[in-house]
Amino acid sequence: MSKKQALISLILNSLIVLGTTGVVISYFFIKLDYLDSPFQRFCFFTTDSNILSAIAAVVVVIFDIKILRGKNNALPHIVELFKFVAVTAVILTFCTVMVLLVPVYGAERELLGTAAYMHVGGPMLALLSFTLVEKSTRLSVPETFLCLVPVVIYGAVYFVEVILIGVQNGGWPDFYSFNKNGNWMLTVVIILAATIAIGFLVRLLHNINIKKHNRVRS
């Protein structure tokens, strides 16, 4: 990883950290008509995936600085794996918004204001940084399936809150309509398949132009 690449990565990841932090802070000052509390925002995969992306960005920034100072010459493989998982999560957010939420709730609600960053800006910054400049090591096929971890964890919580507990007993409303007409099992299959497909695409874009032997474990 060249110092030029590290500098670009540093800039892009700093924007992710600042953007996500700013939006999350704004949640406590900007009230939405369809939410009773700002803390409800953290029930959304959008918020959770962007926070995960920001945490990964912080880690990458730390190593970008080390590379610029000559203390490292590449991102550790485990750091790139972490960033990969986070990128896949926010791109899943982007795809879900474009395919499912915009047709249901409209572009004004889903693509304007802070949603513009959380649904589009943040995910695109993460994708660009990971596939264009954060290319120290190759990702293997088995490692691609790590992208399922955030989705499975969130899905388990969503299942408990929406289906097992239910909104009538204090659980979450089905704000993603994943259980529409009781078809939650079909939704699970679609979401997992979509996540894997996104993961393989992100992996492909990341691995392009990286030599096959360029794999550093740490």
# chains A, B, ... in the order shown; residues from 1 in each chain; ligands from 1
call {"tool": "residues_around", "arguments": {"residues": "Val87 (chain A)", "least_positions_apart": "5", "cutoff": "8 Å", "atoms": "only C-alpha atoms", "output": "list in words"}}
result
Ser53, Pro123, Ala126, Leu127, Phe130 and Val202 of chain A
call {"tool": "write_last_selection", "arguments": {"atoms": "C-alpha atoms", "output": "mmCIF file, in the first residue's frame"}}
result
data_model
loop_
_atom_site.group_PDB
_atom_site.id
_atom_site.type_symbol
_atom_site.label_atom_id
_atom_site.label_comp_id
_atom_site.auth_asym_id
_atom_site.auth_seq_id
_atom_site.Cartn_x
_atom_site.Cartn_y
_atom_site.Cartn_z
ATOM 1 C CA SER A 53 -18.595 0.969 9.195
ATOM 2 C CA PRO A 123 -22.026 3.244 2.048
ATOM 3 C CA ALA A 126 -16.880 2.776 2.434
ATOM 4 C CA LEU A 127 -17.148 0.883 -0.844
ATOM 5 C CA PHE A 130 -12.138 -0.528 0.262
ATOM 6 C CA VAL A 202 -17.257 -6.536 -2.945
#
call {"tool": "select_by_dssp", "arguments": {"residues": "region 5-207 of chain A", "states": "helix (DSSP H, G or I)", "output": "NGL selection string"}}
result
:A and (5-26 or 38-43 or 45-68 or 77-105 or 107-111 or 114-132 or 141-165 or 167-169 or 180-182 or 184-207)
call {"tool": "closest_residue", "arguments": {"among": "A:Ser49, A:Asn207, A:Thr114, A:Gln40", "to": "Ser26 (chain A)", "atoms": "only C-alpha atoms"}}
result
A:Thr114
call {"tool": "closest_residue", "arguments": {"among": "A:Val133, A:Ile198, A:Ile65, A:Leu101", "to": "Glu80 (chain A)", "atoms": "only C-alpha atoms"}}
result
A:Val133
call {"tool": "closest_residue", "arguments": {"among": "A:Phe63, A:Trp172, A:Phe178, A:Phe82", "to": "Leu146 (chain A)", "atoms": "only C-alpha atoms"}}
result
A:Phe82
call {"tool": "residues_around", "arguments": {"residues": "Cys95 (chain A)", "least_positions_apart": "5", "cutoff": "9 Å", "atoms": "only C-alpha atoms", "output": "short mmCIF file (atom, residue, chain, number, x, y, z; two decimals) with C-alpha atoms, in the first residue's frame"}}
result
data_model
loop_
_atom_site.label_atom_id
_atom_site.label_comp_id
_atom_site.auth_asym_id
_atom_site.auth_seq_id
_atom_site.Cartn_x
_atom_site.Cartn_y
_atom_site.Cartn_z
CA VAL A 90 -23.66 -0.84 4.52
CA LEU A 100 -37.58 -2.04 -0.74
CA HIS A 119 -28.38 5.35 2.98
#
call {"tool": "residues_around", "arguments": {"residues": "Ser129 (chain A)", "least_positions_apart": "3", "cutoff": "10 Å", "atoms": "only C-alpha atoms", "output": "list in words"}}
result
Gln5, Ala6, Ile8, Ser9, Leu10, Ile11, Leu12, Asn13, Ala57, Lys83, Val87, Met124, Leu125, Ala126, Leu132, Val133, Glu134, Lys135 and His206 of chain A
call {"tool": "residues_around", "arguments": {"residues": "Thr195 (chain A)", "least_positions_apart": "2", "cutoff": "8 Å", "atoms": "only C-alpha atoms", "output": "list of chain:residue names"}}
result
A:Thr88, A:Ala89, A:Leu92, A:Cys147, A:Leu148, A:Val151, A:Ile191, A:Leu192, A:Ala193, A:Ala197, A:Ile198, A:Gly199
call {"tool": "closest_residue", "arguments": {"among": "A:Phe44, A:Gly122, A:Lys66, A:Glu110", "to": "Gly22 (chain A)", "atoms": "only C-alpha atoms"}}
result
A:Gly122
call {"tool": "residues_around", "arguments": {"residues": "Val24 (chain A)", "least_positions_apart": "4", "cutoff": "8 Å", "atoms": "only C-alpha atoms", "output": "JSON list (two decimals) with N, CA, C and O atoms, in the first residue's frame"}}
result
[["chain", "number", "residue", "atom", "x", "y", "z"],
["A", 20, "THR", "N", -20.69, 9.85, 10.05],
["A", 20, "THR", "CA", -21.54, 8.98, 10.87],
["A", 20, "THR", "C", -21.72, 9.55, 12.27],
["A", 20, "THR", "O", -22.84, 9.54, 12.81],
["A", 28, "PHE", "N", -30.43, 13.04, 18.23],
["A", 28, "PHE", "CA", -30.93, 13.48, 19.52],
["A", 28, "PHE", "C", -31.45, 14.92, 19.49],
["A", 28, "PHE", "O", -31.92, 15.44, 20.50],
["A", 47, "THR", "N", -28.73, 2.34, 10.85],
["A", 47, "THR", "CA", -27.89, 2.97, 11.88],
["A", 47, "THR", "C", -26.78, 2.03, 12.34],
["A", 47, "THR", "O", -25.61, 2.42, 12.41]]
call {"tool": "decode", "arguments": {"residues": "region 41-58 of chain A", "atoms": "N, CA, C and O atoms", "output": "compact mmCIF listing (two decimals), in the first residue's frame"}}
result
# COMPACT_ATOMS: atom_id res chain seq x y z
N ARG A 41 -33.87 4.87 16.70
CA ARG A 41 -33.04 4.85 15.49
C ARG A 41 -32.06 3.69 15.52
O ARG A 41 -31.66 3.17 14.48
N PHE A 42 -31.66 3.29 16.73
CA PHE A 42 -30.67 2.23 16.84
C PHE A 42 -31.28 0.84 16.64
O PHE A 42 -30.57 -0.15 16.66
N CYS A 43 -32.59 0.81 16.43
CA CYS A 43 -33.24 -0.45 16.08
C CYS A 43 -33.10 -0.74 14.59
O CYS A 43 -33.36 -1.86 14.14
N PHE A 44 -32.71 0.28 13.82
CA PHE A 44 -32.62 0.14 12.37
C PHE A 44 -31.26 -0.41 11.96
O PHE A 44 -30.21 0.03 12.46
N PHE A 45 -31.26 -1.33 11.02
CA PHE A 45 -29.99 -1.86 10.49
C PHE A 45 -29.18 -0.76 9.82
O PHE A 45 -27.96 -0.81 9.82
N THR A 46 -29.87 0.24 9.29
CA THR A 46 -29.18 1.38 8.68
C THR A 46 -28.21 2.01 9.68
O THR A 46 -27.03 2.22 9.37
N THR A 47 -28.73 2.34 10.85
CA THR A 47 -27.89 2.97 11.88
C THR A 47 -26.78 2.03 12.34
O THR A 47 -25.61 2.42 12.41
N ASP A 48 -27.14 0.79 12.62
CA ASP A 48 -26.18 -0.16 13.15
C ASP A 48 -25.06 -0.46 12.15
O ASP A 48 -23.88 -0.54 12.51
N SER A 49 -25.43 -0.62 10.87
CA SER A 49 -24.41 -0.94 9.87
C SER A 49 -23.47 0.24 9.63
O SER A 49 -22.26 0.06 9.44
N ASN A 50 -24.01 1.46 9.69
CA ASN A 50 -23.15 2.63 9.51
C ASN A 50 -22.23 2.85 10.70
O ASN A 50 -21.09 3.29 10.54
N ILE A 51 -22.71 2.53 11.90
CA ILE A 51 -21.84 2.63 13.07
C ILE A 51 -20.72 1.59 12.97
O ILE A 51 -19.56 1.89 13.28
N LEU A 52 -21.07 0.38 12.53
CA LEU A 52 -20.05 -0.64 12.32
C LEU A 52 -19.02 -0.17 11.30
O LEU A 52 -17.81 -0.34 11.48
N SER A 53 -19.49 0.45 10.22
CA SER A 53 -18.60 0.97 9.20
C SER A 53 -17.69 2.05 9.76
O SER A 53 -16.50 2.12 9.42
N ALA A 54 -18.24 2.91 10.62
CA ALA A 54 -17.43 3.98 11.23
C ALA A 54 -16.36 3.42 12.15
O ALA A 54 -15.22 3.91 12.19
N ILE A 55 -16.71 2.36 12.90
CA ILE A 55 -15.72 1.72 13.78
C ILE A 55 -14.60 1.12 12.95
O ILE A 55 -13.41 1.27 13.28
N ALA A 56 -14.97 0.44 11.86
CA ALA A 56 -13.96 -0.13 10.97
C ALA A 56 -13.09 0.98 10.38
O ALA A 56 -11.87 0.83 10.22
N ALA A 57 -13.71 2.11 10.05
CA ALA A 57 -12.98 3.24 9.49
C ALA A 57 -11.95 3.79 10.47
O ALA A 57 -10.84 4.16 10.08
N VAL A 58 -12.33 3.84 11.74
CA VAL A 58 -11.39 4.30 12.77
C VAL A 58 -10.16 3.40 12.81
O VAL A 58 -9.01 3.90 12.87
